[in-house]
>>> print(open('data03.cif').read())   # mmCIF, C-alpha atoms
data_work
loop_
_atom_site.label_atom_id
_atom_site.label_comp_id
_atom_site.auth_asym_id
_atom_site.auth_seq_id
_atom_site.Cartn_x
_atom_site.Cartn_y
_atom_site.Cartn_z
CA MET M 292 1.00 -11.13 -21.70
CA SER M 293 0.29 -7.55 -22.59
CA ALA M 294 0.74 -4.64 -20.21
CA ASN M 295 -2.97 -4.10 -20.18
CA ALA M 296 -3.79 -7.60 -19.10
CA GLY M 297 -3.69 -6.69 -15.45
CA LEU M 298 -5.41 -3.40 -15.73
CA LYS M 299 -8.91 -2.97 -14.45
CA ARG M 300 -10.60 0.31 -14.95
CA VAL M 301 -13.78 1.46 -13.31
CA SER M 302 -14.72 4.28 -15.57
CA SER M 303 -16.50 7.37 -14.49
CA GLY M 304 -19.83 8.28 -15.96
CA PRO M 305 -20.09 9.98 -19.33
CA GLU M 306 -18.89 13.53 -19.72
CA LYS M 307 -21.46 15.86 -18.26
CA SER M 308 -23.56 17.47 -20.93
CA ASP M 309 -24.57 21.09 -20.70
CA ALA M 310 -28.01 19.99 -19.59
CA SER M 311 -26.72 17.85 -16.77
CA ALA M 312 -24.28 20.56 -15.78
CA ARG M 313 -27.15 22.99 -15.52
CA ALA M 314 -29.15 20.46 -13.59
CA GLN M 315 -26.27 19.97 -11.24
CA HIS M 316 -26.04 23.70 -10.75
CA THR M 317 -29.74 23.94 -9.97
CA HIS M 318 -29.37 21.05 -7.59
CA THR M 319 -26.54 22.76 -5.78
CA THR M 320 -27.98 26.22 -5.53
CA GLY M 321 -31.34 24.86 -4.50
CA GLU M 322 -29.64 23.16 -1.56
CA HIS M 323 -31.51 19.93 -2.17
CA SER M 324 -29.83 16.60 -2.11
CA VAL M 325 -31.55 14.73 -4.90
CA ALA M 326 -30.42 11.34 -3.79
CA ALA M 327 -31.09 11.71 -0.10
CA ASP M 328 -33.96 14.14 0.19
CA PRO M 329 -37.30 12.84 -1.13
CA THR M 330 -39.09 15.98 0.08
CA GLY M 331 -36.78 18.16 -1.94
CA LEU M 332 -37.24 15.86 -4.91
CA LEU M 333 -41.00 16.22 -4.72
CA ALA M 334 -40.72 19.97 -4.47
CA LEU M 335 -38.48 20.08 -7.51
CA GLN M 336 -40.84 17.81 -9.41
CA GLN M 337 -43.76 20.10 -8.68
CA LEU M 338 -41.78 23.17 -9.54
CA HIS M 339 -39.94 22.05 -12.69
CA GLY M 340 -41.64 18.91 -13.91
CA ASN M 341 -40.63 15.28 -14.40
CA ARG M 342 -38.11 15.83 -17.18
CA VAL M 343 -35.94 18.20 -15.16
CA VAL M 344 -36.05 15.92 -12.13
CA SER M 345 -35.07 12.93 -14.27
CA ARG M 346 -32.07 14.84 -15.52
CA LEU M 347 -31.15 15.78 -11.98
CA ILE M 348 -31.24 12.19 -10.85
CA ALA M 349 -29.16 11.07 -13.81
CA ALA M 350 -26.62 13.79 -13.13
CA ALA M 351 -26.44 12.89 -9.44
CA GLN M 352 -25.93 9.24 -10.24
CA ALA M 353 -23.18 10.02 -12.71
CA GLN M 354 -21.51 12.25 -10.16
CA SER M 355 -21.69 9.64 -7.42
CA GLN M 356 -19.79 7.03 -9.41
CA VAL M 357 -16.33 6.63 -8.03
CA VAL M 358 -13.62 7.59 -10.45
CA GLN M 359 -11.01 5.03 -9.77
CA ARG M 360 -8.20 3.35 -11.56
CA GLU M 361 -7.35 0.10 -10.00
CA VAL M 362 -4.04 -1.35 -10.90
CA GLU M 363 -3.27 -4.97 -10.52
CA GLU M 364 -0.18 -6.72 -11.60
CA ALA M 365 -0.77 -9.72 -13.74
CA GLU M 366 1.19 -12.80 -12.95
CA GLY M 367 4.68 -12.88 -14.27
CA GLY M 368 4.83 -9.29 -15.47
CA GLU M 369 6.07 -8.57 -18.91
CA GLY M 370 9.69 -7.88 -18.15
CA SER M 371 12.40 -9.10 -20.43
CA LEU M 372 15.43 -10.72 -18.96
CA GLY M 373 18.70 -9.12 -19.82
CA THR M 374 22.33 -9.11 -18.90
CA PRO M 375 23.56 -6.22 -16.78
CA VAL M 376 26.21 -4.16 -18.47
CA GLU M 377 28.66 -1.58 -17.25
CA ILE M 378 27.24 1.84 -16.49
CA PRO M 379 28.85 4.29 -18.89
CA ALA M 380 30.44 7.49 -17.74
CA GLU M 381 28.61 10.57 -18.88
CA SER M 382 29.38 14.23 -19.18
CA ALA M 383 27.23 16.69 -21.04
CA ALA M 384 29.04 18.76 -23.63
CA VAL M 385 27.07 20.46 -26.37
CA GLU M 386 28.59 19.95 -29.80
CA MET M 387 27.67 22.74 -32.16
CA PRO M 388 27.50 22.06 -35.91
CA GLY M 389 29.56 23.77 -38.56
CA GLN M 390 28.63 27.14 -39.97
CA ASN M 391 27.64 27.88 -43.51
CA ASP M 392 29.19 30.54 -45.70
CA ASP M 393 27.13 33.19 -43.97
CA GLY M 394 28.32 32.11 -40.56
CA PHE M 395 25.04 30.47 -39.45
CA TYR M 396 25.00 27.20 -37.59
CA ASP M 397 23.94 24.55 -40.07
CA GLY M 398 23.46 20.86 -39.39
CA THR M 399 22.72 19.03 -36.14
CA VAL M 400 23.47 20.31 -32.68
CA THR M 401 24.17 17.38 -30.42
CA SER M 402 25.97 16.36 -27.27
CA ASN M 403 27.68 13.30 -25.99
CA VAL M 404 25.04 12.45 -23.41
CA THR M 405 21.83 10.49 -23.76
CA PRO M 406 19.13 12.17 -21.68
CA HIS M 407 17.34 10.23 -18.96
CA ALA M 408 13.98 11.26 -20.32
CA PHE M 409 12.14 13.13 -23.08
CA ALA M 410 9.20 12.90 -25.43
CA ASP M 411 7.58 14.67 -28.24
CA LYS M 412 7.07 11.60 -30.28
CA GLY M 413 6.29 9.81 -27.06
CA LYS M 414 7.36 6.37 -25.98
CA THR M 415 8.92 4.35 -28.75
CA GLY M 416 9.18 1.09 -26.85
CA LYS M 417 10.30 -0.57 -23.65
CA ALA M 418 13.62 -2.00 -22.53
CA MET M 419 15.26 -3.13 -19.31
CA ILE M 420 15.63 -0.17 -16.97
CA HIS M 421 18.96 1.63 -17.15
CA TRP M 422 19.67 1.25 -13.42
CA VAL M 423 20.51 -2.35 -14.08
CA GLY M 424 22.33 -1.80 -17.34
CA GLY M 425 19.49 -1.55 -19.84
CA THR M 426 18.33 1.31 -22.01
CA GLY M 427 14.85 1.71 -20.53
CA GLY M 428 13.98 5.02 -18.91
CA LEU M 429 16.20 6.94 -21.28
CA GLY M 430 15.64 9.50 -23.97
CA ASN M 431 16.27 8.47 -27.53
CA GLN M 432 18.00 11.73 -28.45
CA ASN M 433 20.97 13.46 -26.92
CA VAL M 434 20.28 16.41 -24.66
CA GLY M 435 20.50 19.72 -26.45
CA SER M 436 20.09 18.13 -29.85
CA ILE M 437 18.24 19.95 -32.60
CA ASP M 438 18.32 19.68 -36.37
CA VAL M 439 18.82 23.02 -38.01
CA THR M 440 18.83 24.15 -41.61
CA ALA M 441 20.55 27.51 -41.65
CA PRO M 442 18.75 30.41 -43.24
CA VAL M 443 20.01 31.39 -46.65
CA ILE M 444 19.78 35.14 -46.94
CA GLU M 445 19.00 36.51 -50.36
CA SER M 446 19.07 40.20 -51.14
CA ALA M 447 18.45 42.74 -53.85
CA ASP M 448 19.44 46.33 -54.44
CA PRO M 449 16.69 48.91 -54.85
CA THR M 450 15.32 49.26 -58.33
CA GLY M 451 12.96 51.75 -59.94
CA LYS M 452 11.21 53.82 -57.32
CA GLN M 453 12.54 51.73 -54.45
CA THR M 454 14.86 53.56 -52.10
CA GLU M 455 15.90 50.70 -49.79
CA GLY M 456 17.72 47.43 -50.22
CA ARG M 457 15.80 44.22 -49.62
CA ALA M 458 16.75 40.96 -47.92
CA TRP M 459 14.81 37.79 -47.18
CA VAL M 460 15.21 34.24 -46.03
CA LYS M 461 15.14 31.82 -48.91
CA SER M 462 12.17 29.49 -48.80
CA GLY M 463 12.97 26.06 -47.43
CA THR M 464 15.79 27.33 -45.25
CA GLY M 465 15.90 28.73 -41.73
CA LYS M 466 14.38 25.73 -40.05
CA ALA M 467 15.01 24.29 -36.59
CA LYS M 468 13.40 21.05 -35.51
CA ALA M 469 13.74 19.46 -32.08
CA THR M 470 12.48 15.92 -31.76
CA ARG M 471 12.20 14.00 -28.53
CA SER M 472 11.12 10.49 -27.71
CA TYR M 473 12.01 7.98 -25.04
CA THR M 474 12.19 4.33 -24.20
CA GLY M 475 10.11 3.14 -21.28
CA ALA M 476 10.76 0.21 -18.98
CA PRO M 477 8.58 -2.89 -18.70
CA TRP M 478 6.94 -3.80 -15.45
CA GLY M 479 7.97 -7.09 -13.98
CA ALA M 480 11.45 -8.54 -14.23
CA ASN M 481 14.09 -6.16 -15.48
CA GLY M 482 17.06 -8.44 -15.77
CA PRO M 483 17.73 -11.21 -13.27
CA THR M 484 18.03 -9.00 -10.18
CA ALA M 485 15.42 -6.29 -10.52
CA TYR M 486 11.64 -6.17 -10.43
CA LEU M 487 9.82 -3.00 -11.46
CA THR M 488 6.21 -2.69 -10.40
CA LEU M 489 3.50 -1.53 -12.75
CA ALA M 490 3.23 1.74 -10.82
CA GLY M 491 6.99 2.06 -11.17
CA SER M 492 6.82 1.49 -14.91
CA PHE M 493 4.22 4.23 -15.20
CA ARG M 494 6.37 6.48 -13.02
CA VAL M 495 9.31 6.00 -15.38
CA ASP M 496 7.13 7.25 -18.23
CA LYS M 497 5.97 10.18 -16.16
CA HIS M 498 9.54 11.17 -15.48
CA GLU M 499 10.49 10.93 -19.13
CA LYS M 500 7.61 13.20 -20.01
CA LEU M 501 9.00 15.82 -17.62
CA HIS M 502 12.11 15.90 -19.75
CA VAL M 503 10.01 16.34 -22.86
CA LYS M 504 8.16 19.17 -21.20
CA ALA M 505 11.42 20.86 -20.26
CA THR M 506 12.68 20.54 -23.81
CA LYS M 507 9.45 21.99 -25.12
CA ALA M 508 9.79 24.91 -22.71
CA ALA M 509 13.30 25.58 -23.98
CA HIS M 510 11.99 25.29 -27.52
CA ASP M 511 9.16 27.71 -26.80
CA THR M 512 11.56 30.19 -25.24
CA HIS M 513 14.27 30.17 -27.87
CA ILE M 514 13.18 28.45 -31.06
CA LYS M 515 9.59 29.62 -31.43
CA PRO M 516 10.54 33.31 -31.42
CA LEU M 517 13.32 32.46 -33.85
CA GLU M 518 10.84 30.77 -36.15
CA LYS M 519 8.65 33.87 -35.97
CA ARG M 520 11.56 36.08 -36.90
CA VAL M 521 12.41 33.85 -39.84
CA SER M 522 8.79 33.60 -40.99
CA LYS M 523 8.41 37.34 -40.93
CA ASN M 524 10.92 37.71 -43.75
CA ARG M 525 10.69 34.37 -45.47
CA GLY M 526 10.42 34.73 -49.23
CA LYS M 527 10.99 37.68 -51.51
CA SER M 528 7.47 39.03 -51.04
CA SER M 529 8.15 39.41 -47.30
CA ALA M 530 11.55 40.96 -47.71
CA LEU M 531 13.00 43.22 -45.07
CA LYS M 532 13.59 46.69 -46.44
CA SER M 533 16.60 48.40 -44.97
CA GLY M 534 19.72 50.31 -45.95
CA ALA M 535 20.71 51.61 -49.29
CA THR M 536 21.76 48.28 -50.78
CA GLY M 537 20.89 44.60 -50.68
CA VAL M 538 24.07 43.90 -48.73
CA GLU M 539 23.08 46.37 -46.06
CA ALA M 540 19.58 44.88 -45.86
CA ALA M 541 21.07 41.39 -45.56
CA ALA M 542 23.27 42.54 -42.70
CA THR M 543 20.27 44.00 -40.90
CA LEU M 544 18.28 40.82 -41.40
CA THR M 545 21.15 38.68 -40.15
CA THR M 546 21.31 40.72 -36.98
CA ALA M 547 17.54 40.64 -36.56
CA LEU M 548 17.35 36.87 -36.93
CA ASP M 549 19.97 36.27 -34.24
CA TRP M 550 20.04 32.69 -35.44
CA ASN M 551 23.16 31.36 -33.78
CA ALA M 552 22.41 32.83 -30.37
CA ALA M 553 18.92 31.31 -30.35
CA ILE M 554 20.14 27.86 -31.35
CA ALA M 555 22.92 27.93 -28.79
CA ALA M 556 20.56 29.20 -26.07
CA PHE M 557 18.16 26.33 -26.74
CA ALA M 558 20.93 23.76 -26.68
CA ASN M 559 22.36 25.13 -23.46
CA GLU M 560 19.02 25.37 -21.64
CA ASP M 561 17.98 21.93 -22.78
CA THR M 562 21.28 20.52 -21.59
CA THR M 563 21.10 22.27 -18.24
CA GLU M 564 17.56 21.08 -17.61
CA ASN M 565 17.76 17.54 -18.92
CA THR M 566 21.29 16.38 -18.33
CA PRO M 567 21.48 13.46 -15.85
CA MET M 568 20.87 14.81 -12.36
CA GLY M 569 20.20 18.22 -13.85
CA ASN M 570 17.30 20.45 -12.88
CA VAL M 571 14.55 18.10 -14.05
CA ASP M 572 15.98 15.05 -12.30
CA ASN M 573 16.62 16.89 -9.05
CA ALA M 574 13.17 18.46 -9.01
CA ASP M 575 11.50 15.12 -9.64
CA LEU M 576 13.51 13.43 -6.91
CA ALA M 577 12.60 16.22 -4.53
CA SER M 578 8.92 15.61 -5.24
CA GLY M 579 9.12 12.59 -2.98
CA THR M 580 7.12 10.49 -5.40
CA TYR M 581 9.89 8.96 -7.45
CA ILE M 582 10.60 5.24 -7.49
CA GLN M 583 12.53 3.73 -4.62
CA ASP M 584 14.56 0.57 -4.31
CA LYS M 585 12.69 -1.36 -1.62
CA GLY M 586 15.33 -4.04 -1.45
CA ALA M 587 15.12 -7.79 -1.78
CA LYS M 588 11.75 -9.41 -2.36
CA LYS M 589 10.29 -12.64 -3.59
CA VAL M 590 7.72 -12.02 -6.33
CA ARG M 591 5.64 -14.99 -7.42
CA GLY M 592 8.33 -17.44 -6.50
CA THR M 593 11.28 -15.55 -7.90
CA ASP M 594 13.86 -13.82 -5.72
CA TYR M 595 14.84 -10.32 -6.72
CA ALA M 596 17.60 -8.31 -5.07
CA HIS M 597 15.89 -5.06 -5.98
CA TYR M 598 12.17 -4.39 -5.84
CA TYR M 599 11.53 -1.02 -7.45
CA ASP M 600 8.27 0.64 -6.54
CA THR M 601 6.79 4.06 -5.95
CA PRO M 602 6.73 5.32 -2.34
CA MET C 79 23.09 6.92 17.20
CA ARG C 80 25.77 6.35 14.65
CA LEU C 81 25.22 5.64 10.97
CA THR C 82 27.96 4.03 8.93
CA ILE C 83 28.40 2.71 5.40
CA GLU C 84 30.70 -0.16 4.61
CA VAL C 85 31.59 -1.89 1.37
CA ILE C 86 31.39 -5.51 2.43
CA ALA C 87 31.93 -7.28 -0.90
CA LYS C 88 33.33 -6.51 -4.28
CA ASP C 89 33.20 -9.03 -7.07
CA GLY C 90 34.21 -7.47 -10.35
CA PRO C 91 31.64 -4.84 -11.19
CA SER C 92 29.34 -6.05 -8.41
CA VAL C 93 29.63 -4.17 -5.13
CA THR C 94 27.69 -4.81 -1.93
CA ALA C 95 27.36 -1.96 0.51
CA ARG C 96 26.00 -2.15 4.05
CA VAL C 97 24.38 0.61 6.02
CA MET C 98 24.37 0.19 9.80
CA LEU C 99 22.62 2.26 12.41
CA LEU C 100 24.13 1.73 15.84
CA ASN C 101 22.65 2.90 19.10
CA ASP C 102 25.84 3.98 20.77
CA SER C 103 24.05 5.39 23.80
CA PHE C 104 23.03 3.76 27.08
CA GLU C 105 19.31 4.18 26.57
CA PRO C 106 16.89 2.51 24.14
CA VAL C 107 16.22 4.55 21.01
CA THR C 108 13.21 4.17 18.72
CA PHE C 109 13.34 5.15 15.07
CA ASP C 110 11.29 4.60 11.91
CA ARG C 111 13.01 2.18 9.57
CA THR C 112 11.24 3.70 6.55
CA LEU C 113 13.17 6.91 7.21
CA LEU C 114 16.51 5.16 6.91
CA VAL C 115 17.74 5.87 3.38
CA GLY C 116 20.67 4.12 1.80
CA PRO C 117 23.00 2.83 0.68
CA ASN C 118 22.46 5.10 -2.32
CA LEU C 119 24.84 4.74 -5.22
CA GLN C 120 26.03 7.87 -6.96
CA PHE C 121 28.71 8.16 -9.60
CA LYS C 122 29.96 10.62 -12.15
CA GLY C 123 27.30 11.10 -14.80
CA ALA C 124 24.74 9.06 -12.88
CA GLY C 125 21.13 9.53 -13.83
CA MET C 126 18.09 8.95 -11.69
CA ILE C 127 19.05 5.99 -9.57
CA PRO C 128 16.31 5.26 -7.02
CA VAL C 129 17.30 5.62 -3.40
CA SER C 130 17.37 2.54 -1.17
CA THR C 131 14.55 2.27 1.33
CA GLU C 132 12.25 -0.40 2.73
CA SER C 133 8.62 -1.22 2.22
CA ARG C 134 6.17 0.40 4.58
CA ALA C 135 4.67 -1.61 7.38
CA GLY C 136 1.53 -3.50 6.56
CA LYS C 137 -1.79 -3.16 8.35
CA GLY C 138 -1.45 -3.78 12.04
CA GLU C 139 2.34 -3.68 11.81
CA THR C 140 4.70 -0.92 12.73
CA SER C 141 7.75 0.42 11.03
CA LYS C 142 9.13 1.66 14.35
CA VAL C 143 12.18 -0.14 15.61
CA THR C 144 13.55 0.14 19.11
CA LEU C 145 17.27 -0.34 19.44
CA ASN C 146 18.56 -1.24 22.83
CA PRO C 147 21.93 0.21 23.86
CA TRP C 148 24.71 -0.93 21.55
CA CYS C 149 22.37 -2.80 19.26
CA PHE C 150 22.24 -2.13 15.55
CA TYR C 151 19.95 -2.19 12.55
CA GLY C 152 20.95 -2.13 8.92
CA ARG C 153 20.69 -3.38 5.39
CA ASP C 154 22.82 -4.66 2.52
CA ARG C 155 22.33 -3.76 -1.11
CA THR C 156 24.26 -5.10 -4.08
CA PHE C 157 24.89 -2.88 -7.07
CA GLU C 158 25.83 -4.83 -10.16
CA ALA C 159 27.80 -2.16 -11.96
CA ALA C 160 29.11 -0.01 -9.12
CA GLY C 161 32.59 -1.48 -9.43
CA THR C 162 33.11 -0.02 -12.86
CA ALA C 163 31.20 3.22 -12.40
CA PRO C 164 33.40 6.31 -12.29
CA GLU C 165 33.80 7.86 -8.85
CA ALA C 166 31.17 5.56 -7.38
CA THR C 167 30.18 6.68 -3.91
CA PHE C 168 27.63 5.42 -1.40
CA HIS C 169 25.49 7.70 0.72
CA ALA C 170 23.06 7.12 3.58
CA TYR C 171 21.08 9.12 6.09
CA LEU C 172 18.24 8.92 8.58
CA LEU C 173 15.45 11.42 8.06
CA SER C 174 14.09 13.13 11.15
CA GLU C 175 10.62 13.05 9.60
CA PRO C 176 9.10 11.92 6.29
CA GLY C 177 10.24 14.03 3.37
CA PRO C 178 11.80 14.00 -0.07
CA MET C 179 14.68 11.56 -0.34
CA LEU C 180 17.53 12.54 -2.63
CA PRO C 181 20.59 10.34 -3.18
CA LYS C 182 22.97 12.39 -1.07
CA GLY C 183 20.56 13.69 1.54
CA PRO C 184 17.05 14.95 2.20
CA GLY C 185 15.34 17.22 -0.29
CA GLY C 186 13.29 20.34 0.26
CA ASP C 187 12.88 21.35 3.87
CA ALA C 188 13.39 17.85 5.22
CA GLU C 189 16.30 17.31 7.55
CA ALA C 190 18.47 14.35 8.32
CA SER C 191 18.90 13.46 11.96
CA ILE C 192 22.03 11.54 11.01
CA LEU C 193 24.09 11.73 7.84
CA ALA C 194 26.60 8.96 7.20
CA GLU C 195 30.08 9.69 5.97
CA PRO C 196 30.01 8.90 2.20
CA VAL C 197 32.10 5.94 1.16
CA ARG C 198 33.93 5.83 -2.15
CA VAL C 199 34.15 2.42 -3.82
#
>>> encode(input="data03.cif", output="structure tokens")
Amino acid sequence: MSANAGLKRVSSGPEKSDASARAQHTHTTGEHSVAADPTGLLALQQLHGNRVVSRLIAAAQAQSQVVQREVEEAEGGEGSLGTPVEIPAESAAVEMPGQNDDGFYDGTVTSNVTPHAFADKGKTGKAMIHWVGGTGGLGNQNVGSIDVTAPVIESADPTGKQTEGRAWVKSGTGKAKATRSYTGAPWGANGPTAYLTLAGSFRVDKHEKLHVKATKAAHDTHIKPLEKRVSKNRGKSSALKSGATGVEAAATLTTALDWNAAIAAFANEDTTENTPMGNVDNADLASGTYIQDKGAKKVRGTDYAHYYDTP
Amino acid sequence: MRLTIEVIAKDGPSVTARVMLLNDSFEPVTFDRTLLVGPNLQFKGAGMIPVSTESRAGKGETSKVTLNPWCFYGRDRTFEAAGTAPEATFHAYLLSEPGPMLPKGPGGDAEASILAEPVRV
């Protein structure tokens, strides 16, 4: 049975058009309740005509529809049974890649810890929740990880009328790409002892997205400016002009890029934020809305030692 | 009131912990069972493990429990992998009022009226 089988949605009315929005505004400022005040309706009809009043009524009806998402759990859930496994020990340590001949980090920054969240490429699938030994509710990449292609600095001495050396980042180099995705957890049975409600399954996804958001923030803070710096002098036509020689210009460009510091800063911030029970986890727990273990419960004839649900 | 945690069973990786709230006074005491949090498992490198609570009272029911003198209230929870988790420790507390529940204690401005002594597996 699919996850959507138990979902019932009562959709709201269509998006308000400009016309209906204007009608709504008129309705509000005129202090007439279209639905409940026939006298006001008549006055509006006389003043503005049938067409405007019709729009007003349509807008009022659309507005009065209850926007509601009703969630029902279909029988049996969609959980997959699994065998609990040992919970692995974890400690976050960023592992920096090697450096190229110019001393720039080149390769993949990684760590030895799988994050308990993330997304960029969204949810890649579902698996038994990690509290009971599965891999659900976990990020698919290690915290702090980012694939980097070090910038290759090319330079040239001044020629002809030129008075300064030139240096630029070779096209196709100087790239940093952070990818995040996560595995969700199915609602229903998660192994033989745990039951995760549909709301709980959604809450797992929500938490994972917080990790993605935190990674994106770290990326925006450290990698985006780095990309700008690289782009500014990518290719010979955008060369940085500095110093008396190409070597001097290359040195200036290397300093200006600040490549290694930016990569390391991203990796460190991402690790601090997203490591298990790091800032993101603690903040989400403190929200008071995270999933709780409600204890033993019989669900549709099956006994579960742990019933996981939102508060 | 006294709040204690006890490991009552250990079978390989499976560990059962019990939280017990004892009215050690000579007057009845009323508390809200939904504010009793634990046993919460924490271990080195642990991620987001949900805290242990109970379902809210249904319509027409109450979650308030009155303990007569020297009577107790509590709950057991079994954790399948706690026995092999590094530095596994159980925590429990009773919130004085509804608030964020973190594994080791209340979050935000919430306060615990009683905090149990953590128990290492």
>>> closest_residue(input="data03.cif", among="C:Cys149, C:Val129, C:Ala190, C:Ala160", to="M:Thr601", atoms="all atoms listed in the file")
C:Val129
>>> resolve_selection(input="data03.cif", expression="the PyMOL selection byres ((chain C) within 10 of (chain M))", output="number ranges by chain")
C: 91-92, 112, 115-116, 118, 121-134, 153-165, 176-181, 184-188
>>> resolve_selection(input="data03.cif", expression="the PyMOL selection byres ((chain M and resi 499) around 9)", output="PyMOL selection string")
chain M and resi 407-410+414+428-430+472-475+494-498+500-504
>>> residues_around(input="data03.cif", residues="C:Leu81", least_positions_apart="3", cutoff="9 Å", atoms="all atoms listed in the file", output="NGL selection string")
:C and (97-101 or 170-172 or 192-195)
>>> resolve_selection(input="data03.cif", expression="the PyMOL selection byres ((chain C and resi 197) around 10)", output="PyMOL selection string")
chain C and resi 82-85+95+117+119+166-170+194-196+198-199
>>> residues_around(input="data03.cif", residues="C:Arg111", least_positions_apart="3", cutoff="8 Å", atoms="only C-alpha atoms", output="PDB file with C-alpha atoms, in the coordinates of the input")
ATOM      1  CA  LEU C 114      16.510   5.160   6.910  1.00  0.00           C
ATOM      2  CA  GLU C 132      12.250  -0.400   2.730  1.00  0.00           C
ATOM      3  CA  SER C 141       7.750   0.420  11.030  1.00  0.00           C
ATOM      4  CA  LYS C 142       9.130   1.660  14.350  1.00  0.00           C
ATOM      5  CA  VAL C 143      12.180  -0.140  15.610  1.00  0.00           C
TER       6      VAL C 143
END
>>> atom_distance(input="data03.cif", atom1="atom CA of M:Tyr396", atom2="atom CA of M:Gly465")
10.1 Å
>>> residues_around(input="data03.cif", residues="M:Lys523", least_positions_apart="5", cutoff="12 Å", atoms="all atoms listed in the file", output="list in words")
Ala458, Trp459, Val460, Lys461, Ser462, Gly465, Pro516, Leu517, Glu518, Ser528, Ser529, Ala530, Leu531, Leu544, Ala547 and Leu548 of chain M
>>> axis_aligned_box(input="data03.cif", around="stretch 558-573 of chain M", padding_each_side="8 Å", output="AutoDock Vina command-line options")
--center_x 18.5 --center_y 19.4 --center_z -17.9 --size_x 23.8 --size_y 27.9 --size_z 33.6
>>> atom_distance(input="data03.cif", atom1="atom CA of M:Ala553", atom2="atom CA of M:Gly389")
15.4 Å
>>> residues_around(input="data03.cif", residues="C:Leu145", least_positions_apart="6", cutoff="10 Å", atoms="all atoms listed in the file", output="list in words")
Met79, Leu99, Leu100, Asn101, Asp102, Ser103, Glu105, Pro106, Val107, Thr108, Phe109 and Tyr151 of chain C
>>> atom_distance(input="data03.cif", atom1="atom CA of C:Lys182", atom2="atom CA of M:Gln432")
27.8 Å
>>> closest_residue(input="data03.cif", among="M:Asp438, M:Thr415, M:Asp397, M:Pro449", to="M:Val538", atoms="only C-alpha atoms")
M:Pro449
>>> residues_around(input="data03.cif", residues="M:Asp392", least_positions_apart="2", cutoff="12 Å", atoms="all atoms listed in the file", output="number ranges by chain")
M: 389-390, 394-397, 441-444
